[in-house]
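Student: Just work03.cif, nothing more (mmCIF, C-alpha atoms):
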data_coords
#
loop_
_atom_site.label_atom_id
_atom_site.label_comp_id
_atom_site.auth_asym_id
_atom_site.auth_seq_id
_atom_site.Cartn_x
_atom_site.Cartn_y
_atom_site.Cartn_z
CA MET A 1 -185.82 129.38 67.61
CA THR A 2 -186.82 126.37 69.64
CA MET A 3 -185.39 124.66 72.69
CA GLN A 4 -185.95 121.43 74.58
CA PHE A 5 -186.89 121.05 78.24
CA TYR A 6 -188.11 118.36 80.60
CA GLU A 7 -191.47 118.58 82.28
CA PHE A 8 -193.77 116.62 84.57
CA PRO A 9 -197.30 116.84 83.11
CA THR A 10 -198.39 115.42 86.47
CA LEU A 11 -196.40 114.53 89.56
CA GLY A 12 -196.27 111.15 91.21
CA ASN A 13 -193.56 109.10 89.52
CA ILE A 14 -190.26 109.69 87.74
CA SER A 15 -191.62 107.77 84.73
CA LYS A 16 -193.97 110.69 84.05
CA LEU A 17 -191.05 112.96 83.07
CA MET A 18 -191.43 114.09 79.45
CA LEU A 19 -189.08 115.77 76.97
CA ARG A 20 -190.78 118.78 75.36
CA SER A 21 -189.97 121.43 72.77
CA GLY A 22 -190.90 125.10 72.80
CA GLU A 23 -189.85 128.58 71.82
CA ILE A 24 -186.79 130.09 73.47
CA PRO A 25 -188.20 132.79 75.78
CA GLU A 26 -187.19 136.43 75.51
CA PRO A 27 -186.14 138.33 78.63
CA GLY A 28 -188.30 141.23 79.74
CA ARG A 29 -187.33 144.29 81.73
CA ARG A 30 -184.69 143.47 84.35
CA GLN A 31 -184.67 139.85 83.20
CA VAL A 32 -181.81 137.68 81.94
CA LEU A 33 -181.85 134.77 79.48
CA VAL A 34 -179.48 131.98 80.50
CA ARG A 35 -178.32 129.06 78.40
CA MET A 36 -178.25 126.26 80.98
CA ARG A 37 -175.02 124.28 80.89
CA ALA A 38 -175.23 121.90 83.87
CA CYS A 39 -177.69 120.75 86.52
CA SER A 40 -177.30 118.66 89.66
CA LEU A 41 -179.69 116.44 91.58
CA ASN A 42 -180.92 116.80 95.14
CA TYR A 43 -183.09 114.38 97.11
CA ARG A 44 -185.65 117.17 97.24
CA ASP A 45 -186.07 116.81 93.46
CA LEU A 46 -187.02 113.15 93.84
CA MET A 47 -189.49 113.99 96.60
CA ILE A 48 -191.11 116.64 94.42
CA CYS A 49 -191.48 114.29 91.45
CA ARG A 50 -193.19 111.83 93.81
CA ASN A 51 -195.44 114.69 94.99
CA GLU A 52 -194.11 114.21 98.54
CA PHE A 53 -192.68 117.71 99.04
CA PRO A 54 -195.22 120.56 98.93
CA PRO A 55 -195.62 123.20 97.77
CA ALA A 56 -195.20 122.45 94.07
CA LYS A 57 -197.09 122.99 90.88
CA SER A 58 -199.46 120.10 90.38
CA SER A 59 -198.88 119.96 86.63
CA ASN A 60 -196.44 120.98 83.90
CA LEU A 61 -193.52 121.46 86.30
CA VAL A 62 -189.98 121.78 84.96
CA PRO A 63 -187.89 120.03 87.64
CA LEU A 64 -184.55 120.60 89.43
CA CYS A 65 -183.51 123.48 91.65
CA ASP A 66 -179.76 123.51 90.98
CA GLY A 67 -178.40 124.68 87.64
CA VAL A 68 -175.81 126.98 86.10
CA GLY A 69 -175.20 128.47 82.69
CA GLU A 70 -174.11 131.52 80.76
CA VAL A 71 -175.95 134.75 80.07
CA VAL A 72 -176.94 135.01 76.39
CA ALA A 73 -179.44 137.89 76.35
CA LEU A 74 -180.45 140.82 78.53
CA GLY A 75 -183.73 142.63 78.98
CA ASP A 76 -183.98 146.38 79.42
CA ASP A 77 -182.43 148.00 82.52
CA VAL A 78 -180.34 144.98 83.60
CA THR A 79 -177.34 146.21 85.58
CA ARG A 80 -176.06 143.18 87.48
CA HIS A 81 -175.07 140.91 84.60
CA LYS A 82 -173.61 141.04 81.11
CA ILE A 83 -173.64 138.66 78.17
CA GLY A 84 -171.16 135.85 78.69
CA ASP A 85 -171.35 135.87 82.50
CA ARG A 86 -171.33 132.43 84.13
CA VAL A 87 -174.16 132.34 86.64
CA ALA A 88 -176.04 130.11 89.04
CA GLY A 89 -179.70 130.39 89.96
CA LEU A 90 -180.51 131.24 93.57
CA PHE A 91 -182.49 128.45 95.26
CA PHE A 92 -185.08 130.96 96.50
CA GLN A 93 -185.39 133.40 93.64
CA GLU A 94 -186.63 136.25 95.85
CA TRP A 95 -184.44 135.71 98.93
CA GLU A 96 -181.16 137.56 98.53
CA ASN A 97 -180.70 138.57 102.18
CA GLY A 98 -182.51 139.28 105.43
CA PRO A 99 -185.22 137.16 107.08
CA LEU A 100 -186.86 134.42 105.02
CA THR A 101 -190.41 135.57 104.24
CA GLU A 102 -193.52 133.64 103.25
CA ARG A 103 -193.30 135.25 99.80
CA ALA A 104 -189.69 134.15 99.35
CA LEU A 105 -190.58 130.60 100.40
CA GLY A 106 -192.85 130.44 97.37
CA THR A 107 -190.02 131.20 94.94
CA ALA A 108 -187.94 128.01 95.10
CA LEU A 109 -186.73 126.66 91.77
CA GLY A 110 -187.99 123.22 90.80
CA GLY A 111 -191.18 123.70 92.80
CA PRO A 112 -193.21 125.77 93.12
CA LEU A 113 -191.39 127.71 90.37
CA ASP A 114 -190.29 125.92 87.22
CA GLY A 115 -186.77 124.59 87.59
CA VAL A 116 -183.64 124.41 85.47
CA LEU A 117 -183.87 121.15 83.50
CA THR A 118 -184.14 123.11 80.27
CA GLU A 119 -181.84 124.41 77.56
CA TYR A 120 -182.73 128.06 78.23
CA ARG A 121 -184.40 129.83 81.13
CA VAL A 122 -185.34 133.42 81.90
CA PHE A 123 -184.45 134.69 85.39
CA GLU A 124 -185.06 137.95 87.17
CA GLU A 125 -181.67 139.61 87.41
CA GLY A 126 -181.74 139.36 91.21
CA GLY A 127 -182.23 135.59 90.99
CA LEU A 128 -178.73 134.92 89.66
CA ILE A 129 -175.24 135.06 91.08
CA GLY A 130 -171.84 134.61 89.46
CA PHE A 131 -169.37 131.89 90.43
CA PRO A 132 -165.55 131.72 90.30
CA ASP A 133 -163.75 131.06 87.03
CA HIS A 134 -161.82 128.10 88.45
CA LEU A 135 -165.06 126.10 88.88
CA SER A 136 -166.40 124.10 85.96
CA PHE A 137 -170.11 124.30 85.13
CA HIS A 138 -170.54 120.79 86.54
CA ALA A 139 -168.86 121.66 89.84
CA ALA A 140 -170.72 124.95 90.22
CA ALA A 141 -174.07 123.23 89.60
CA THR A 142 -173.75 121.50 92.99
CA LEU A 143 -173.52 124.76 94.95
CA PRO A 144 -176.94 126.51 95.22
CA CYS A 145 -178.85 124.02 97.38
CA ALA A 146 -176.46 121.67 99.21
CA ALA A 147 -173.41 123.91 99.57
CA VAL A 148 -175.34 127.00 100.65
CA THR A 149 -177.30 124.89 103.15
CA ALA A 150 -174.05 123.63 104.68
CA TRP A 151 -172.52 127.12 104.73
CA HIS A 152 -175.67 128.56 106.32
CA ALA A 153 -175.63 125.87 109.01
CA LEU A 154 -172.03 126.60 110.00
CA PHE A 155 -171.55 130.31 109.46
CA CYS A 156 -174.90 132.07 109.97
CA GLY A 157 -176.62 133.07 113.19
CA SER A 158 -175.22 133.50 116.69
CA ARG A 159 -173.26 130.23 116.78
CA THR A 160 -170.83 130.77 113.90
CA LEU A 161 -168.16 128.09 113.62
CA THR A 162 -164.74 129.07 114.99
CA PRO A 163 -161.34 127.33 114.71
CA GLY A 164 -160.85 124.45 117.09
CA GLN A 165 -164.52 123.63 117.49
CA HIS A 166 -165.87 120.10 116.88
CA VAL A 167 -168.22 119.48 113.95
CA LEU A 168 -170.19 116.26 113.44
CA VAL A 169 -171.44 115.44 109.94
CA LEU A 170 -173.93 112.66 109.25
CA GLY A 171 -173.57 110.49 106.15
CA THR A 172 -172.14 111.36 102.76
CA GLY A 173 -174.88 113.39 101.11
CA GLY A 174 -174.16 116.73 99.49
CA VAL A 175 -174.85 118.88 102.57
CA SER A 176 -172.67 116.71 104.81
CA VAL A 177 -169.75 116.53 102.39
CA PHE A 178 -169.79 120.30 101.84
CA ALA A 179 -169.99 120.86 105.61
CA LEU A 180 -166.97 118.59 106.06
CA GLN A 181 -164.94 120.64 103.60
CA PHE A 182 -166.05 124.01 104.98
CA ALA A 183 -165.36 122.94 108.56
CA LEU A 184 -161.87 121.72 107.71
CA LEU A 185 -161.08 124.98 105.92
CA ALA A 186 -162.26 126.85 109.01
CA GLY A 187 -159.89 124.93 111.27
CA ALA A 188 -162.44 122.71 113.00
CA HIS A 189 -162.12 119.12 114.18
CA VAL A 190 -164.51 117.00 112.11
CA THR A 191 -166.13 113.67 112.98
CA ALA A 192 -168.00 111.93 110.17
CA ILE A 193 -170.31 108.94 110.37
CA SER A 194 -171.53 106.56 107.68
CA SER A 195 -172.90 103.03 107.34
CA SER A 196 -170.33 102.17 104.65
CA ASP A 197 -166.67 101.38 105.39
CA GLU A 198 -165.87 102.29 101.78
CA LYS A 199 -167.41 105.72 102.20
CA ILE A 200 -165.69 106.12 105.57
CA SER A 201 -162.37 105.61 103.77
CA ARG A 202 -163.33 108.38 101.35
CA LEU A 203 -164.23 110.67 104.25
CA GLN A 204 -160.86 109.98 105.85
CA GLU A 205 -159.12 110.78 102.56
CA MET A 206 -161.00 114.10 102.50
CA GLY A 207 -159.61 114.96 105.92
CA ALA A 208 -162.12 113.79 108.55
CA HIS A 209 -160.24 113.57 111.85
CA SER A 210 -162.38 110.76 113.24
CA THR A 211 -165.05 108.47 111.81
CA LEU A 212 -167.68 106.01 113.02
CA ASN A 213 -169.72 103.31 111.29
CA TYR A 214 -173.18 103.84 112.72
CA TRP A 215 -174.29 100.28 112.02
CA ASP A 216 -171.43 99.02 114.19
CA THR A 217 -172.01 101.73 116.83
CA PRO A 218 -175.76 102.42 116.98
CA LYS A 219 -175.31 104.63 120.08
CA TRP A 220 -172.81 106.88 118.33
CA GLY A 221 -174.18 109.91 120.13
CA ASP A 222 -172.97 108.53 123.46
CA ILE A 223 -169.50 107.86 122.07
CA ILE A 224 -169.12 111.39 120.72
CA ALA A 225 -170.48 112.86 123.96
CA ARG A 226 -167.89 110.93 126.00
CA GLN A 227 -165.21 112.37 123.73
CA GLY A 228 -166.27 115.90 124.64
CA GLY A 229 -169.27 116.38 122.39
CA ALA A 230 -169.83 118.33 119.19
CA ASP A 231 -170.23 122.09 118.95
CA HIS A 232 -172.08 121.79 115.64
CA VAL A 233 -174.09 118.82 114.34
CA ILE A 234 -175.13 118.79 110.69
CA GLU A 235 -178.40 116.93 111.30
CA VAL A 236 -179.78 115.53 108.05
CA GLY A 237 -181.32 112.24 109.15
CA GLY A 238 -184.50 113.42 110.87
CA SER A 239 -186.36 111.11 113.22
CA GLY A 240 -183.89 108.26 112.72
CA THR A 241 -180.89 110.23 113.97
CA LEU A 242 -182.14 113.21 115.98
CA SER A 243 -181.91 111.52 119.38
CA ASN A 244 -178.28 110.54 118.83
CA SER A 245 -177.51 113.98 117.40
CA MET A 246 -178.89 115.67 120.53
CA THR A 247 -176.89 113.34 122.75
CA ALA A 248 -173.74 114.12 120.77
CA CYS A 249 -174.01 117.88 121.36
CA ARG A 250 -171.48 119.44 123.72
#
Take the structure I supplied and represent it as structure tokens, if you would.

Tutor:
Amino acid sequence: MTMQFYEFPTLGNISKLMLRSGEIPEPGRRQVLVRMRACSLNYRDLMICRNEFPPAKSSNLVPLCDGVGEVVALGDDVTRHKIGDRVAGLFFQEWENGPLTERALGTALGGPLDGVLTEYRVFEEGGLIGFPDHLSFHAAATLPCAAVTAWHALFCGSRTLTPGQHVLVLGTGGVSVFALQFALLAGAHVTAISSSDEKISRLQEMGAHSTLNYWDTPKWGDIIARQGGADHVIEVGGSGTLSNSMTACR
């Protein structure tokens, strides 16, 4: 039987993306065949297709790191999954827990490993995790990269978020929006900033306690600092925002 998948013969431009056909792979020992049902997009995927985000395969790369599906076949000795399970691929296929190693860094989906923009994909059984029944495939497909990044930022390490603390989220990208939701569920006070009044209204509807338009208030770090400062800053802007983010810290 055949399947279809997308592939970049060479990286450099989104226009190079090609639709291909090939044989459906068979899972080997301790491997799982997944019928992919939904994928989501991250900015990282665009950077990889532009060849701006090493390391990645230089040719014949199947893109996208975030995807979910259902288990349709099992290789020998698989114990973690069964046929019919709804699963998501781990962003780093060989990082389940513990310190992040150099080896694990080389196992990211969508570059350097082939990604999930395909009808079927074989995974090592340890590279998959189930997700709750109440989530649709489309909703679950947004979790592996952005949601886990936000969760890791707030709840891992020595400065775990606690109720009553102040969280600052920058913009309305996936990591920031997930961090907003997680922080609210944890009982934190959340300030959100954006350049769009329309998006600020959406953030307020989602529960943000305070908001700022950073075009109108370019020194937003000073304002937040005068209000007591933030215990956690979800810094996603890089060089354009880091100075203000540091100023905003409690």

Student: From the list A:Leu170, A:Ala56, A:Val175, A:His138, which residue is nearest Leu242 of chain A when using all atoms listed in the file?

Tutor: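 For Leu242 of chain A, the nearest of the given residues is A:Leu170.
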
Student: If I take atom CA of Gly111 of chain A and atom CA of Leu143 of chain A, how far is one from the other in Å, to one decimal?

Tutor: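 Taking atom CA of Gly111 of chain A and atom CA of Leu143 of chain A, their separation equals 17.8 Å.
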
Student: Which is closer to Ala225 of chain A than all the others in A:Met3, A:Leu168, A:Leu180, A:Ala188, using all atoms listed in the file?

Tutor: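 When distances to Ala225 of chain A are compared using all atoms listed in the file, the smallest one comes from A:Leu168.
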
Student: Could you list, as a ChimeraX atom specification, every residue matched by the PyMOL selection byres ((chain A and resi 116) around 9) in this structure?

Tutor: /A:5-6,36,38-39,62-68,89,109-110,114-115,117-121

Student: Which polymer residues, protein or nucleic acid, are no farther than 12 Å from (-174.2, 119.0, 99.5), counting only C-alpha atoms, as an NGL selection string?

Tutor: :A and (40-44 or 66 or 139-153 or 169-182 or 234 or 236)

Student: Please produce an output containing C-alpha atoms for each residue in the selection, written as a PDB file, keeping the file's coordinate frame.

Tutor:
ATOM      1  CA  SER A  40    -177.300 118.660  89.660  1.00  0.00           C
ATOM      2  CA  LEU A  41    -179.690 116.440  91.580  1.00  0.00           C
ATOM      3  CA  ASN A  42    -180.920 116.800  95.140  1.00  0.00           C
ATOM      4  CA  TYR A  43    -183.090 114.380  97.110  1.00  0.00           C
ATOM      5  CA  ARG A  44    -185.650 117.170  97.240  1.00  0.00           C
ATOM      6  CA  ASP A  66    -179.760 123.510  90.980  1.00  0.00           C
ATOM      7  CA  ALA A 139    -168.860 121.660  89.840  1.00  0.00           C
ATOM      8  CA  ALA A 140    -170.720 124.950  90.220  1.00  0.00           C
ATOM      9  CA  ALA A 141    -174.070 123.230  89.600  1.00  0.00           C
ATOM     10  CA  THR A 142    -173.750 121.500  92.990  1.00  0.00           C
ATOM     11  CA  LEU A 143    -173.520 124.760  94.950  1.00  0.00           C
ATOM     12  CA  PRO A 144    -176.940 126.510  95.220  1.00  0.00           C
ATOM     13  CA  CYS A 145    -178.850 124.020  97.380  1.00  0.00           C
ATOM     14  CA  ALA A 146    -176.460 121.670  99.210  1.00  0.00           C
ATOM     15  CA  ALA A 147    -173.410 123.910  99.570  1.00  0.00           C
ATOM     16  CA  VAL A 148    -175.340 127.000 100.650  1.00  0.00           C
ATOM     17  CA  THR A 149    -177.300 124.890 103.150  1.00  0.00           C
ATOM     18  CA  ALA A 150    -174.050 123.630 104.680  1.00  0.00           C
ATOM     19  CA  TRP A 151    -172.520 127.120 104.730  1.00  0.00           C
ATOM     20  CA  HIS A 152    -175.670 128.560 106.320  1.00  0.00           C
ATOM     21  CA  ALA A 153    -175.630 125.870 109.010  1.00  0.00           C
ATOM     22  CA  VAL A 169    -171.440 115.440 109.940  1.00  0.00           C
ATOM     23  CA  LEU A 170    -173.930 112.660 109.250  1.00  0.00           C
ATOM     24  CA  GLY A 171    -173.570 110.490 106.150  1.00  0.00           C
ATOM     25  CA  THR A 172    -172.140 111.360 102.760  1.00  0.00           C
ATOM     26  CA  GLY A 173    -174.880 113.390 101.110  1.00  0.00           C
ATOM     27  CA  GLY A 174    -174.160 116.730  99.490  1.00  0.00           C
ATOM     28  CA  VAL A 175    -174.850 118.880 102.570  1.00  0.00           C
ATOM     29  CA  SER A 176    -172.670 116.710 104.810  1.00  0.00           C
ATOM     30  CA  VAL A 177    -169.750 116.530 102.390  1.00  0.00           C
ATOM     31  CA  PHE A 178    -169.790 120.300 101.840  1.00  0.00           C
ATOM     32  CA  ALA A 179    -169.990 120.860 105.610  1.00  0.00           C
ATOM     33  CA  LEU A 180    -166.970 118.590 106.060  1.00  0.00           C
ATOM     34  CA  GLN A 181    -164.940 120.640 103.600  1.00  0.00           C
ATOM     35  CA  PHE A 182    -166.050 124.010 104.980  1.00  0.00           C
ATOM     36  CA  ILE A 234    -175.130 118.790 110.690  1.00  0.00           C
ATOM     37  CA  VAL A 236    -179.780 115.530 108.050  1.00  0.00           C
TER      38      VAL A 236
END

Student: Can you list, as number ranges by chain, the residues that the PyMOL selection byres ((chain A and resi 48) around 10) selects here?

Tutor: A: 11-14, 43-47, 49-58, 61, 63-64, 110-112

Student: Here's the selection I'm unsure about, the PyMOL selection byres ((chain A and resi 227) around 12); applied to the file above, which residues does it give, as a VMD selection string?

Tutor: chain A and resid 166 191 210 220 to 226 228 to 231 247 to 250

Student: Which distance in Å separates atom CA of Val122 of chain A and atom CA of Phe91 of chain A, to one decimal?

Tutor: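 Atom CA of Phe91 of chain A lies 14.5 Å from atom CA of Val122 of chain A.
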
Student: At a cut-off of 12 Å around the point (-182.9, 133.1, 113.1) (file coordinates), what residues fall inside when counting all atoms listed in the file? I'd like the answer as a short mmCIF file (atom, residue, chain, number, x, y, z; two decimals) with C-alpha atoms, in the coordinates of the input.

Tutor:
data_model
loop_
_atom_site.label_atom_id
_atom_site.label_comp_id
_atom_site.auth_asym_id
_atom_site.auth_seq_id
_atom_site.Cartn_x
_atom_site.Cartn_y
_atom_site.Cartn_z
CA GLY A 98 -182.51 139.28 105.43
CA PRO A 99 -185.22 137.16 107.08
CA LEU A 100 -186.86 134.42 105.02
CA THR A 101 -190.41 135.57 104.24
CA HIS A 152 -175.67 128.56 106.32
CA ALA A 153 -175.63 125.87 109.01
CA CYS A 156 -174.90 132.07 109.97
CA GLY A 157 -176.62 133.07 113.19
CA SER A 158 -175.22 133.50 116.69
CA ARG A 159 -173.26 130.23 116.78
#

Student: Work out how far atom CA of Gly126 of chain A is from atom CA of Gln93 of chain A, in Å to one decimal.

Tutor: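 Taking atom CA of Gln93 of chain A and atom CA of Gly126 of chain A, their separation equals 7.4 Å.
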
Student: Excluding Arg202 of chain A and residues on its chain fewer than 4 positions from it, collect all residues at most 12 Å away from it, counting all atoms listed in the file, and give them as a PyMOL selection string.

Tutor: chain A and resi 171-172+177+180+192-194+196-198+206-208+211

Student: Using only C-alpha atoms, can you tell me which of A:Thr79, A:Leu113, A:Leu203, A:Ala183 comes closest to Leu154 of chain A?

Tutor: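 When distances to Leu154 of chain A are compared using only C-alpha atoms, the smallest one comes from A:Ala183.
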
Student: In terms of the shortest atom-to-atom distance over only C-alpha atoms, which of A:Ala104, A:Leu90, A:Gln204, A:Asp77 is closest to Gly130 of chain A?

Tutor: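 Looking at the shortest contact to Gly130 of chain A, the residue is A:Leu90.
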
Student: Tell me, as JSON, numbers by chain, which residues lie within 9 Å of Pro218 of chain A, counting only C-alpha atoms; anything in the same chain fewer than 4 positions away does not count.

Tutor: {"A": [213, 214, 244]}

Student: Find the spatial neighbours of Gly28 of chain A, counting all atoms listed in the file, within a cut-off of 8 Å - ignore same-chain residues fewer than 4 positions away - and output them as a list in words.

Tutor: Val32, Leu74, Gly75 and Asp76 of chain A

Student: For C-alpha atoms, I'd like the residues from the last selection saved as a short mmCIF file (atom, residue, chain, number, x, y, z; two decimals), in the coordinates of the input.

Tutor:
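Dumped everything to selection-v6.cif:
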data_model
loop_
_atom_site.label_atom_id
_atom_site.label_comp_id
_atom_site.auth_asym_id
_atom_site.auth_seq_id
_atom_site.Cartn_x
_atom_site.Cartn_y
_atom_site.Cartn_z
CA VAL A 32 -181.81 137.68 81.94
CA LEU A 74 -180.45 140.82 78.53
CA GLY A 75 -183.73 142.63 78.98
CA ASP A 76 -183.98 146.38 79.42
#

Student: Would you please work out which residue, of A:Ala108, A:Ser195, A:Thr162, A:Ser136, is nearest to Trp215 of chain A when using only C-alpha atoms?

Tutor: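 Smallest distance to Trp215 of chain A is found for A:Ser195.
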
Student: Nearest to Trp95 of chain A among A:Ile200, A:Leu128, A:Val78, A:Ile83, with distances taken over only C-alpha atoms: which residue is it?

Tutor: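 Residue with the minimum atom-to-atom distance to Trp95 of chain A: A:Leu128.
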